[in-house]
>>> print(open('final36.pdb').read())   # PDB, C-alpha atoms
ATOM      1  CA  MET T1249      51.685 -43.552 -43.140
ATOM      2  CA  GLU T1250      51.720 -40.308 -45.051
ATOM      3  CA  ARG T1251      48.590 -38.375 -45.942
ATOM      4  CA  LYS T1252      48.444 -37.441 -49.620
ATOM      5  CA  GLU T1253      47.152 -34.097 -50.836
ATOM      6  CA  GLY T1254      44.005 -34.504 -52.916
ATOM      7  CA  ASP T1255      43.327 -38.088 -51.787
ATOM      8  CA  LYS T1256      39.569 -38.421 -52.347
ATOM      9  CA  LYS T1257      38.852 -40.629 -49.348
ATOM     10  CA  ARG T1258      35.905 -39.755 -47.114
ATOM     11  CA  VAL T1259      36.846 -37.959 -43.895
ATOM     12  CA  ALA T1260      34.912 -37.117 -40.745
ATOM     13  CA  ILE T1261      36.172 -34.462 -38.329
ATOM     14  CA  TYR T1262      35.706 -34.822 -34.559
ATOM     15  CA  ILE T1263      36.732 -31.784 -32.478
ATOM     16  CA  ASP T1264      36.800 -31.928 -28.677
ATOM     17  CA  GLY T1265      35.853 -28.265 -28.177
ATOM     18  CA  ASN T1266      36.880 -27.887 -24.545
ATOM     19  CA  ASN T1267      40.182 -29.695 -25.105
ATOM     20  CA  PHE T1268      40.924 -27.600 -28.199
ATOM     21  CA  TYR T1269      39.919 -24.309 -26.548
ATOM     22  CA  GLY T1270      42.104 -25.107 -23.552
ATOM     23  CA  TYR T1271      45.142 -25.537 -25.792
ATOM     24  CA  LEU T1272      44.371 -22.331 -27.712
ATOM     25  CA  LYS T1273      44.364 -20.453 -24.395
ATOM     26  CA  ASP T1274      47.501 -22.244 -23.111
ATOM     27  CA  GLU T1275      50.458 -19.900 -22.569
ATOM     28  CA  GLU T1276      52.430 -21.657 -25.330
ATOM     29  CA  ILE T1277      49.779 -20.755 -27.941
ATOM     30  CA  ASN T1278      48.014 -17.894 -26.173
ATOM     31  CA  LEU T1279      45.482 -16.926 -28.836
ATOM     32  CA  PRO T1280      45.076 -13.199 -28.067
ATOM     33  CA  ARG T1281      41.777 -11.996 -26.635
ATOM     34  CA  GLY T1282      39.565 -10.648 -29.393
ATOM     35  CA  LYS T1283      41.171 -12.821 -32.084
ATOM     36  CA  LYS T1284      38.822 -15.253 -33.763
ATOM     37  CA  PHE T1285      39.760 -18.777 -34.777
ATOM     38  CA  ASP T1286      38.668 -19.505 -38.356
ATOM     39  CA  PHE T1287      37.201 -23.010 -38.292
ATOM     40  CA  THR T1288      36.503 -22.907 -42.044
ATOM     41  CA  LYS T1289      40.206 -22.433 -42.850
ATOM     42  CA  PHE T1290      41.127 -25.017 -40.230
ATOM     43  CA  THR T1291      38.690 -27.536 -41.718
ATOM     44  CA  GLU T1292      40.087 -26.959 -45.217
ATOM     45  CA  PHE T1293      43.586 -27.533 -43.826
ATOM     46  CA  LEU T1294      42.480 -30.816 -42.238
ATOM     47  CA  ILE T1295      40.571 -32.098 -45.267
ATOM     48  CA  LYS T1296      43.285 -31.423 -47.855
ATOM     49  CA  GLY T1297      40.895 -31.746 -50.811
ATOM     50  CA  ARG T1298      39.210 -34.946 -49.624
ATOM     51  CA  GLU T1299      35.455 -35.394 -49.248
ATOM     52  CA  CYS T1300      34.283 -34.212 -45.829
ATOM     53  CA  VAL T1301      31.239 -36.267 -44.838
ATOM     54  CA  SER T1302      30.863 -34.918 -41.300
ATOM     55  CA  LYS T1303      32.141 -32.128 -39.048
ATOM     56  CA  ARG T1304      31.353 -32.489 -35.368
ATOM     57  CA  TYR T1305      32.152 -30.165 -32.487
ATOM     58  CA  TYR T1306      31.728 -31.567 -28.953
ATOM     59  CA  VAL T1307      31.227 -29.141 -26.080
ATOM     60  CA  GLY T1308      29.870 -28.841 -22.578
ATOM     61  CA  ILE T1309      27.091 -26.266 -22.482
ATOM     62  CA  ALA T1310      27.526 -23.396 -20.047
ATOM     63  CA  ARG T1311      24.599 -22.513 -17.822
ATOM     64  CA  ASN T1312      23.755 -19.339 -15.978
ATOM     65  CA  ILE T1313      23.642 -20.830 -12.511
ATOM     66  CA  ASP T1314      24.195 -17.666 -10.481
ATOM     67  CA  GLY T1315      22.405 -14.971 -12.515
ATOM     68  CA  THR T1316      25.493 -12.747 -12.686
ATOM     69  CA  ASP T1317      26.327 -10.594 -15.690
ATOM     70  CA  LYS T1318      29.498 -12.662 -16.180
ATOM     71  CA  SER T1319      27.470 -15.890 -16.413
ATOM     72  CA  LYS T1320      25.033 -14.223 -18.811
ATOM     73  CA  ARG T1321      27.933 -13.115 -21.043
ATOM     74  CA  ILE T1322      29.494 -16.593 -21.002
ATOM     75  CA  VAL T1323      26.214 -18.295 -21.940
ATOM     76  CA  SER T1324      25.407 -15.719 -24.615
ATOM     77  CA  GLY T1325      28.933 -15.844 -26.048
ATOM     78  CA  GLN T1326      28.903 -19.633 -26.229
ATOM     79  CA  GLN T1327      25.471 -19.678 -27.903
ATOM     80  CA  LYS T1328      26.630 -17.131 -30.497
ATOM     81  CA  PHE T1329      29.820 -19.138 -31.152
ATOM     82  CA  LEU T1330      27.934 -22.428 -31.529
ATOM     83  CA  SER T1331      25.392 -20.814 -33.887
ATOM     84  CA  HIS T1332      28.318 -19.609 -35.992
ATOM     85  CA  LEU T1333      29.754 -23.135 -36.124
ATOM     86  CA  GLU T1334      26.356 -24.563 -37.082
ATOM     87  CA  ASN T1335      26.191 -22.025 -39.920
ATOM     88  CA  GLU T1336      29.590 -23.369 -41.069
ATOM     89  CA  GLY T1337      28.123 -26.875 -41.267
ATOM     90  CA  PHE T1338      29.229 -28.291 -37.935
ATOM     91  CA  ASP T1339      27.020 -30.678 -36.021
ATOM     92  CA  ILE T1340      27.188 -29.519 -32.391
ATOM     93  CA  LYS T1341      27.284 -32.374 -29.886
ATOM     94  CA  ARG T1342      26.317 -30.973 -26.502
ATOM     95  CA  SER T1343      27.353 -32.362 -23.124
ATOM     96  CA  ARG T1344      26.719 -31.376 -19.548
ATOM     97  CA  VAL T1345      28.826 -29.039 -17.450
ATOM     98  CA  MET T1346      29.021 -29.651 -13.726
ATOM     99  CA  TYR T1347      29.811 -26.881 -11.299
ATOM    100  CA  ASP T1348      31.591 -28.293  -8.263
ATOM    101  CA  SER T1349      32.907 -25.916  -5.583
ATOM    102  CA  GLY T1350      34.056 -23.343  -8.122
ATOM    103  CA  ARG T1351      35.446 -25.943 -10.526
ATOM    104  CA  ILE T1352      33.804 -26.482 -13.871
ATOM    105  CA  ARG T1353      33.915 -30.000 -15.263
ATOM    106  CA  GLU T1354      32.618 -31.255 -18.555
ATOM    107  CA  LYS T1355      30.810 -34.595 -18.379
ATOM    108  CA  GLY T1356      30.169 -37.051 -21.202
ATOM    109  CA  THR T1357      32.100 -35.448 -24.039
ATOM    110  CA  ASP T1358      34.757 -38.165 -24.363
ATOM    111  CA  VAL T1359      32.100 -40.870 -24.290
ATOM    112  CA  LYS T1360      30.134 -39.126 -27.061
ATOM    113  CA  ILE T1361      33.243 -38.781 -29.221
ATOM    114  CA  GLY T1362      34.163 -42.431 -28.649
ATOM    115  CA  VAL T1363      30.664 -43.680 -29.432
ATOM    116  CA  ASP T1364      30.450 -41.527 -32.583
ATOM    117  CA  LEU T1365      33.853 -42.794 -33.764
ATOM    118  CA  VAL T1366      32.710 -46.399 -33.327
ATOM    119  CA  ILE T1367      29.288 -45.838 -34.940
ATOM    120  CA  GLY T1368      30.954 -44.072 -37.863
ATOM    121  CA  ALA T1369      33.292 -47.032 -38.349
ATOM    122  CA  VAL T1370      30.505 -49.628 -38.063
ATOM    123  CA  ASP T1371      28.170 -47.698 -40.382
ATOM    124  CA  ASP T1372      31.037 -47.056 -42.845
ATOM    125  CA  LEU T1373      30.504 -43.291 -42.595
ATOM    126  CA  TYR T1374      34.158 -42.458 -43.239
ATOM    127  CA  ASP T1375      37.452 -43.891 -44.417
ATOM    128  CA  THR T1376      39.480 -41.607 -42.140
ATOM    129  CA  ALA T1377      38.512 -40.002 -38.846
ATOM    130  CA  ILE T1378      40.296 -36.744 -38.054
ATOM    131  CA  LEU T1379      40.403 -36.394 -34.283
ATOM    132  CA  VAL T1380      41.216 -33.014 -32.751
ATOM    133  CA  SER T1381      41.669 -34.089 -29.146
ATOM    134  CA  SER T1382      44.577 -35.135 -26.987
ATOM    135  CA  ASP T1383      42.369 -36.976 -24.517
ATOM    136  CA  THR T1384      43.586 -40.553 -24.170
ATOM    137  CA  ASP T1385      40.197 -41.689 -22.792
ATOM    138  CA  ILE T1386      39.189 -42.033 -26.466
ATOM    139  CA  ILE T1387      41.916 -44.611 -27.284
ATOM    140  CA  PRO T1388      39.662 -47.703 -26.855
ATOM    141  CA  ALA T1389      37.338 -46.310 -29.556
ATOM    142  CA  VAL T1390      40.361 -45.510 -31.732
ATOM    143  CA  ARG T1391      41.554 -49.105 -31.423
ATOM    144  CA  TYR T1392      38.152 -50.318 -32.574
ATOM    145  CA  LEU T1393      37.963 -48.069 -35.614
ATOM    146  CA  ARG T1394      41.418 -49.268 -36.642
ATOM    147  CA  TYR T1395      40.162 -52.867 -36.189
ATOM    148  CA  LYS T1396      37.356 -51.989 -38.633
ATOM    149  CA  GLY T1397      39.961 -50.903 -41.201
ATOM    150  CA  LYS T1398      39.495 -47.156 -40.736
ATOM    151  CA  LYS T1399      42.332 -44.646 -40.531
ATOM    152  CA  LEU T1400      42.875 -42.090 -37.777
ATOM    153  CA  GLU T1401      44.525 -38.704 -38.068
ATOM    154  CA  TYR T1402      45.393 -37.145 -34.723
ATOM    155  CA  ILE T1403      45.624 -33.351 -34.518
ATOM    156  CA  GLY T1404      47.362 -32.056 -31.410
ATOM    157  CA  PHE T1405      49.687 -29.295 -30.239
ATOM    158  CA  SER T1406      53.468 -29.398 -30.477
ATOM    159  CA  HIS T1407      54.036 -28.141 -26.931
ATOM    160  CA  ALA T1408      51.813 -30.835 -25.390
ATOM    161  CA  PRO T1409      51.482 -33.826 -27.713
ATOM    162  CA  SER T1410      49.593 -36.904 -26.639
ATOM    163  CA  LEU T1411      52.062 -39.731 -27.103
ATOM    164  CA  GLY T1412      49.225 -42.210 -26.592
ATOM    165  CA  MET T1413      47.187 -40.682 -29.410
ATOM    166  CA  GLN T1414      50.245 -40.500 -31.668
ATOM    167  CA  LYS T1415      50.963 -44.169 -31.023
ATOM    168  CA  HIS T1416      47.480 -45.163 -32.199
ATOM    169  CA  ALA T1417      47.184 -42.753 -35.140
ATOM    170  CA  ASP T1418      48.017 -43.477 -38.754
ATOM    171  CA  TYR T1419      49.035 -39.857 -39.187
ATOM    172  CA  SER T1420      49.489 -36.973 -36.774
ATOM    173  CA  VAL T1421      49.838 -33.235 -37.018
ATOM    174  CA  LEU T1422      51.234 -31.278 -34.102
ATOM    175  CA  LEU T1423      50.246 -27.644 -34.466
ATOM    176  CA  LEU T1424      52.797 -24.938 -33.779
ATOM    177  CA  PRO T1425      51.912 -21.412 -32.590
ATOM    178  CA  GLU T1426      52.602 -20.112 -36.114
ATOM    179  CA  ASP T1427      50.128 -22.660 -37.506
ATOM    180  CA  ILE T1428      47.426 -21.237 -35.233
ATOM    181  CA  ASP T1429      48.216 -17.763 -36.601
ATOM    182  CA  LYS T1430      47.167 -19.018 -40.068
ATOM    183  CA  PHE T1431      43.700 -19.789 -38.716
ATOM    184  CA  SER T1432      43.098 -16.671 -36.628
ATOM    185  CA  SER T1433      41.894 -13.232 -37.572
TER     186      SER T1433
END
>>> encode(input="final36.pdb", output="structure tokens")
Amino acid sequence: MERKEGDKKRVAIYIDGNNFYGYLKDEEINLPRGKKFDFTKFTEFLIKGRECVSKRYYVGIARNIDGTDKSKRIVSGQQKFLSHLENEGFDIKRSRVMYDSGRIREKGTDVKIGVDLVIGAVDDLYDTAILVSSDTDIIPAVRYLRYKGKKLEYIGFSHAPSLGMQKHADYSVLLLPEDIDKFSS
């Protein structure tokens, strides 16, 4: 199904922050250090003139567990970034971060996205959900929103598309490195 420019349907945007950030830092995209990603331009690109009823950004919150300057910078940088997104109208959905033998794992983000997709469908919040995540753990929620007559637009990356998400989406956009350049400054 093709998305039409200017279609006035209600859209809600769901961005899996850690998933998205990981792809931006992937060697195929490699957003240069110091470059900023413009979420306002990105949102406008996703909406295409439709009514945006909700913008949500899901992220695990960093903690300063060891008191080092590096940890302090990470926490401070994340707080500044999230404040910026809030000023742009995003609702920040926070999850836990677990530190396990040097590995950092985000906990609960996929569940929150899935629950919010389902609640939005049940409460008739949107006509189309725009999902910026390649995490297939969300597919059961996607199936339900489609059952409720809602549309799904999947936004992924061309070098690592989620075939599972594409299979369940009404429309998909696979971003190329040159697309990311349009949204960075």
>>> residues_near_point(input="final36.pdb", point="(34.9, -31.7, -34.2)", cutoff="9 Å", atoms="all atoms listed in the file", output="PyMOL selection string")
chain T and resi 1260-1265+1302-1306+1338-1341+1361+1378-1381
>>> closest_residue(input="final36.pdb", among="T:Arg1351, T:Ile1387, T:Ser1382, T:Lys1296", to="Gly1404 of chain T", atoms="all atoms listed in the file")
T:Ser1382
>>> resolve_selection(input="final36.pdb", expression="the PyMOL selection byres ((chain T and resi 1368) around 12)", output="PyMOL selection string")
chain T and resi 1258-1262+1301-1302+1304+1360-1367+1369-1378+1389-1390+1392-1394+1396-1399
>>> residues_around(input="final36.pdb", residues="Leu1423 of chain T", least_positions_apart="2", cutoff="7 Å", atoms="all atoms listed in the file", output="ChimeraX atom specification")
/T:1404-1406,1421,1425,1427
>>> closest_residue(input="final36.pdb", among="T:Asp1348, T:Glu1401, T:Glu1334, T:Asp1385", to="His1416 of chain T", atoms="only C-alpha atoms")
T:Glu1401
>>> resolve_selection(input="final36.pdb", expression="the PyMOL selection byres ((chain T and resi 1353) around 12)", output="list in words")
Asn1266, Asn1267, Val1307, Gly1308, Ile1309, Ala1310, Ser1343, Arg1344, Val1345, Met1346, Tyr1347, Asp1348, Ser1349, Gly1350, Arg1351, Ile1352, Glu1354, Lys1355, Gly1356 and Thr1357 of chain T
>>> write_last_selection(input="final36.pdb", atoms="C-alpha atoms", output="compact mmCIF listing (two decimals), keeping the file's coordinate frame")
# COMPACT_ATOMS: atom_id res chain seq x y z
CA ASN T 1266 36.88 -27.89 -24.54
CA ASN T 1267 40.18 -29.70 -25.10
CA VAL T 1307 31.23 -29.14 -26.08
CA GLY T 1308 29.87 -28.84 -22.58
CA ILE T 1309 27.09 -26.27 -22.48
CA ALA T 1310 27.53 -23.40 -20.05
CA SER T 1343 27.35 -32.36 -23.12
CA ARG T 1344 26.72 -31.38 -19.55
CA VAL T 1345 28.83 -29.04 -17.45
CA MET T 1346 29.02 -29.65 -13.73
CA TYR T 1347 29.81 -26.88 -11.30
CA ASP T 1348 31.59 -28.29 -8.26
CA SER T 1349 32.91 -25.92 -5.58
CA GLY T 1350 34.06 -23.34 -8.12
CA ARG T 1351 35.45 -25.94 -10.53
CA ILE T 1352 33.80 -26.48 -13.87
CA GLU T 1354 32.62 -31.26 -18.56
CA LYS T 1355 30.81 -34.60 -18.38
CA GLY T 1356 30.17 -37.05 -21.20
CA THR T 1357 32.10 -35.45 -24.04
>>> resolve_selection(input="final36.pdb", expression="the PyMOL selection byres ((chain T and resi 1292) around 12)", output="PyMOL selection string")
chain T and resi 1253-1254+1259+1261+1286-1291+1293-1300+1303+1336+1430-1431
>>> write_last_selection(input="final36.pdb", atoms="C-alpha atoms", output="PDB file, in the coordinates of the input")
ATOM      1  CA  GLU T1253      47.152 -34.097 -50.836  1.00  0.00           C
ATOM      2  CA  GLY T1254      44.005 -34.504 -52.916  1.00  0.00           C
ATOM      3  CA  VAL T1259      36.846 -37.959 -43.895  1.00  0.00           C
ATOM      4  CA  ILE T1261      36.172 -34.462 -38.329  1.00  0.00           C
ATOM      5  CA  ASP T1286      38.668 -19.505 -38.356  1.00  0.00           C
ATOM      6  CA  PHE T1287      37.201 -23.010 -38.292  1.00  0.00           C
ATOM      7  CA  THR T1288      36.503 -22.907 -42.044  1.00  0.00           C
ATOM      8  CA  LYS T1289      40.206 -22.433 -42.850  1.00  0.00           C
ATOM      9  CA  PHE T1290      41.127 -25.017 -40.230  1.00  0.00           C
ATOM     10  CA  THR T1291      38.690 -27.536 -41.718  1.00  0.00           C
ATOM     11  CA  PHE T1293      43.586 -27.533 -43.826  1.00  0.00           C
ATOM     12  CA  LEU T1294      42.480 -30.816 -42.238  1.00  0.00           C
ATOM     13  CA  ILE T1295      40.571 -32.098 -45.267  1.00  0.00           C
ATOM     14  CA  LYS T1296      43.285 -31.423 -47.855  1.00  0.00           C
ATOM     15  CA  GLY T1297      40.895 -31.746 -50.811  1.00  0.00           C
ATOM     16  CA  ARG T1298      39.210 -34.946 -49.624  1.00  0.00           C
ATOM     17  CA  GLU T1299      35.455 -35.394 -49.248  1.00  0.00           C
ATOM     18  CA  CYS T1300      34.283 -34.212 -45.829  1.00  0.00           C
ATOM     19  CA  LYS T1303      32.141 -32.128 -39.048  1.00  0.00           C
ATOM     20  CA  GLU T1336      29.590 -23.369 -41.069  1.00  0.00           C
ATOM     21  CA  LYS T1430      47.167 -19.018 -40.068  1.00  0.00           C
ATOM     22  CA  PHE T1431      43.700 -19.789 -38.716  1.00  0.00           C
TER      23      PHE T1431
END
>>> closest_residue(input="final36.pdb", among="T:Asp1429, T:Asp1358, T:Asp1418, T:Asp1383", to="Leu1400 of chain T", atoms="only C-alpha atoms")
T:Asp1418
>>> atom_distance(input="final36.pdb", atom1="atom CA of Ser1432 of chain T", atom2="atom CA of Arg1321 of chain T")
22.0 Å
>>> axis_aligned_box(input="final36.pdb", around="segment 1361-1376 of chain T", padding_each_side="5 Å", output="AutoDock Vina command-line options")
--center_x 33.8 --center_y -44.2 --center_z -36.5 --size_x 21.3 --size_y 20.8 --size_z 25.8
>>> atom_distance(input="final36.pdb", atom1="atom CA of Leu1333 of chain T", atom2="atom CA of Pro1388 of chain T")
28.1 Å
>>> atom_distance(input="final36.pdb", atom1="atom CA of Phe1285 of chain T", atom2="atom CA of Phe1329 of chain T")
10.6 Å
>>> decode(input="final36.pdb", residues="segment 1346-1368 of chain T", atoms="N, CA and C atoms", output="PDB file, in the first residue's frame")
ATOM      1  N   MET T1346      20.561  -2.128  32.428  1.00  0.00           N
ATOM      2  CA  MET T1346      21.246  -3.046  33.338  1.00  0.00           C
ATOM      3  C   MET T1346      22.705  -3.140  32.926  1.00  0.00           C
ATOM      4  N   TYR T1347      23.563  -3.085  33.915  1.00  0.00           N
ATOM      5  CA  TYR T1347      24.992  -3.220  33.694  1.00  0.00           C
ATOM      6  C   TYR T1347      25.388  -4.611  34.156  1.00  0.00           C
ATOM      7  N   ASP T1348      25.858  -5.435  33.222  1.00  0.00           N
ATOM      8  CA  ASP T1348      26.140  -6.829  33.513  1.00  0.00           C
ATOM      9  C   ASP T1348      27.523  -7.194  32.990  1.00  0.00           C
ATOM     10  N   SER T1349      28.492  -7.238  33.876  1.00  0.00           N
ATOM     11  CA  SER T1349      29.874  -7.616  33.521  1.00  0.00           C
ATOM     12  C   SER T1349      30.401  -6.811  32.331  1.00  0.00           C
ATOM     13  N   GLY T1350      30.221  -5.515  32.375  1.00  0.00           N
ATOM     14  CA  GLY T1350      30.723  -4.659  31.303  1.00  0.00           C
ATOM     15  C   GLY T1350      29.771  -4.485  30.138  1.00  0.00           C
ATOM     16  N   ARG T1351      28.737  -5.298  30.074  1.00  0.00           N
ATOM     17  CA  ARG T1351      27.729  -5.176  29.013  1.00  0.00           C
ATOM     18  C   ARG T1351      26.588  -4.314  29.510  1.00  0.00           C
ATOM     19  N   ILE T1352      26.082  -3.491  28.631  1.00  0.00           N
ATOM     20  CA  ILE T1352      24.940  -2.649  28.962  1.00  0.00           C
ATOM     21  C   ILE T1352      23.742  -3.178  28.198  1.00  0.00           C
ATOM     22  N   ARG T1353      22.668  -3.463  28.926  1.00  0.00           N
ATOM     23  CA  ARG T1353      21.461  -3.981  28.286  1.00  0.00           C
ATOM     24  C   ARG T1353      20.265  -3.149  28.705  1.00  0.00           C
ATOM     25  N   GLU T1354      19.470  -2.816  27.724  1.00  0.00           N
ATOM     26  CA  GLU T1354      18.246  -2.069  27.964  1.00  0.00           C
ATOM     27  C   GLU T1354      17.134  -3.058  28.289  1.00  0.00           C
ATOM     28  N   LYS T1355      16.332  -2.754  29.285  1.00  0.00           N
ATOM     29  CA  LYS T1355      15.268  -3.666  29.707  1.00  0.00           C
ATOM     30  C   LYS T1355      13.915  -2.949  29.665  1.00  0.00           C
ATOM     31  N   GLY T1356      12.951  -3.568  29.006  1.00  0.00           N
ATOM     32  CA  GLY T1356      11.580  -3.076  29.033  1.00  0.00           C
ATOM     33  C   GLY T1356      11.154  -2.170  27.898  1.00  0.00           C
ATOM     34  N   THR T1357      12.073  -1.751  27.069  1.00  0.00           N
ATOM     35  CA  THR T1357      11.728  -0.815  25.997  1.00  0.00           C
ATOM     36  C   THR T1357      10.758  -1.434  24.999  1.00  0.00           C
ATOM     37  N   ASP T1358      11.052  -2.644  24.534  1.00  0.00           N
ATOM     38  CA  ASP T1358      10.190  -3.280  23.528  1.00  0.00           C
ATOM     39  C   ASP T1358       8.782  -3.503  24.079  1.00  0.00           C
ATOM     40  N   VAL T1359       8.713  -3.878  25.348  1.00  0.00           N
ATOM     41  CA  VAL T1359       7.406  -4.098  25.970  1.00  0.00           C
ATOM     42  C   VAL T1359       6.625  -2.787  26.005  1.00  0.00           C
ATOM     43  N   LYS T1360       7.287  -1.692  26.380  1.00  0.00           N
ATOM     44  CA  LYS T1360       6.614  -0.390  26.432  1.00  0.00           C
ATOM     45  C   LYS T1360       6.114   0.031  25.052  1.00  0.00           C
ATOM     46  N   ILE T1361       6.934  -0.167  24.036  1.00  0.00           N
ATOM     47  CA  ILE T1361       6.509   0.184  22.676  1.00  0.00           C
ATOM     48  C   ILE T1361       5.297  -0.663  22.297  1.00  0.00           C
ATOM     49  N   GLY T1362       5.387  -1.968  22.521  1.00  0.00           N
ATOM     50  CA  GLY T1362       4.280  -2.863  22.176  1.00  0.00           C
ATOM     51  C   GLY T1362       2.991  -2.491  22.885  1.00  0.00           C
ATOM     52  N   VAL T1363       3.078  -2.234  24.178  1.00  0.00           N
ATOM     53  CA  VAL T1363       1.893  -1.866  24.955  1.00  0.00           C
ATOM     54  C   VAL T1363       1.311  -0.553  24.438  1.00  0.00           C
ATOM     55  N   ASP T1364       2.174   0.436  24.180  1.00  0.00           N
ATOM     56  CA  ASP T1364       1.687   1.730  23.678  1.00  0.00           C
ATOM     57  C   ASP T1364       1.054   1.607  22.289  1.00  0.00           C
ATOM     58  N   LEU T1365       1.602   0.741  21.439  1.00  0.00           N
ATOM     59  CA  LEU T1365       0.983   0.504  20.131  1.00  0.00           C
ATOM     60  C   LEU T1365      -0.428  -0.065  20.294  1.00  0.00           C
ATOM     61  N   VAL T1366      -0.565  -1.040  21.178  1.00  0.00           N
ATOM     62  CA  VAL T1366      -1.863  -1.679  21.405  1.00  0.00           C
ATOM     63  C   VAL T1366      -2.851  -0.690  22.036  1.00  0.00           C
ATOM     64  N   ILE T1367      -2.422   0.028  23.069  1.00  0.00           N
ATOM     65  CA  ILE T1367      -3.309   1.009  23.709  1.00  0.00           C
ATOM     66  C   ILE T1367      -3.747   2.070  22.711  1.00  0.00           C
ATOM     67  N   GLY T1368      -2.814   2.540  21.887  1.00  0.00           N
ATOM     68  CA  GLY T1368      -3.158   3.528  20.868  1.00  0.00           C
ATOM     69  C   GLY T1368      -4.187   3.010  19.882  1.00  0.00           C
TER      70      GLY T1368
END
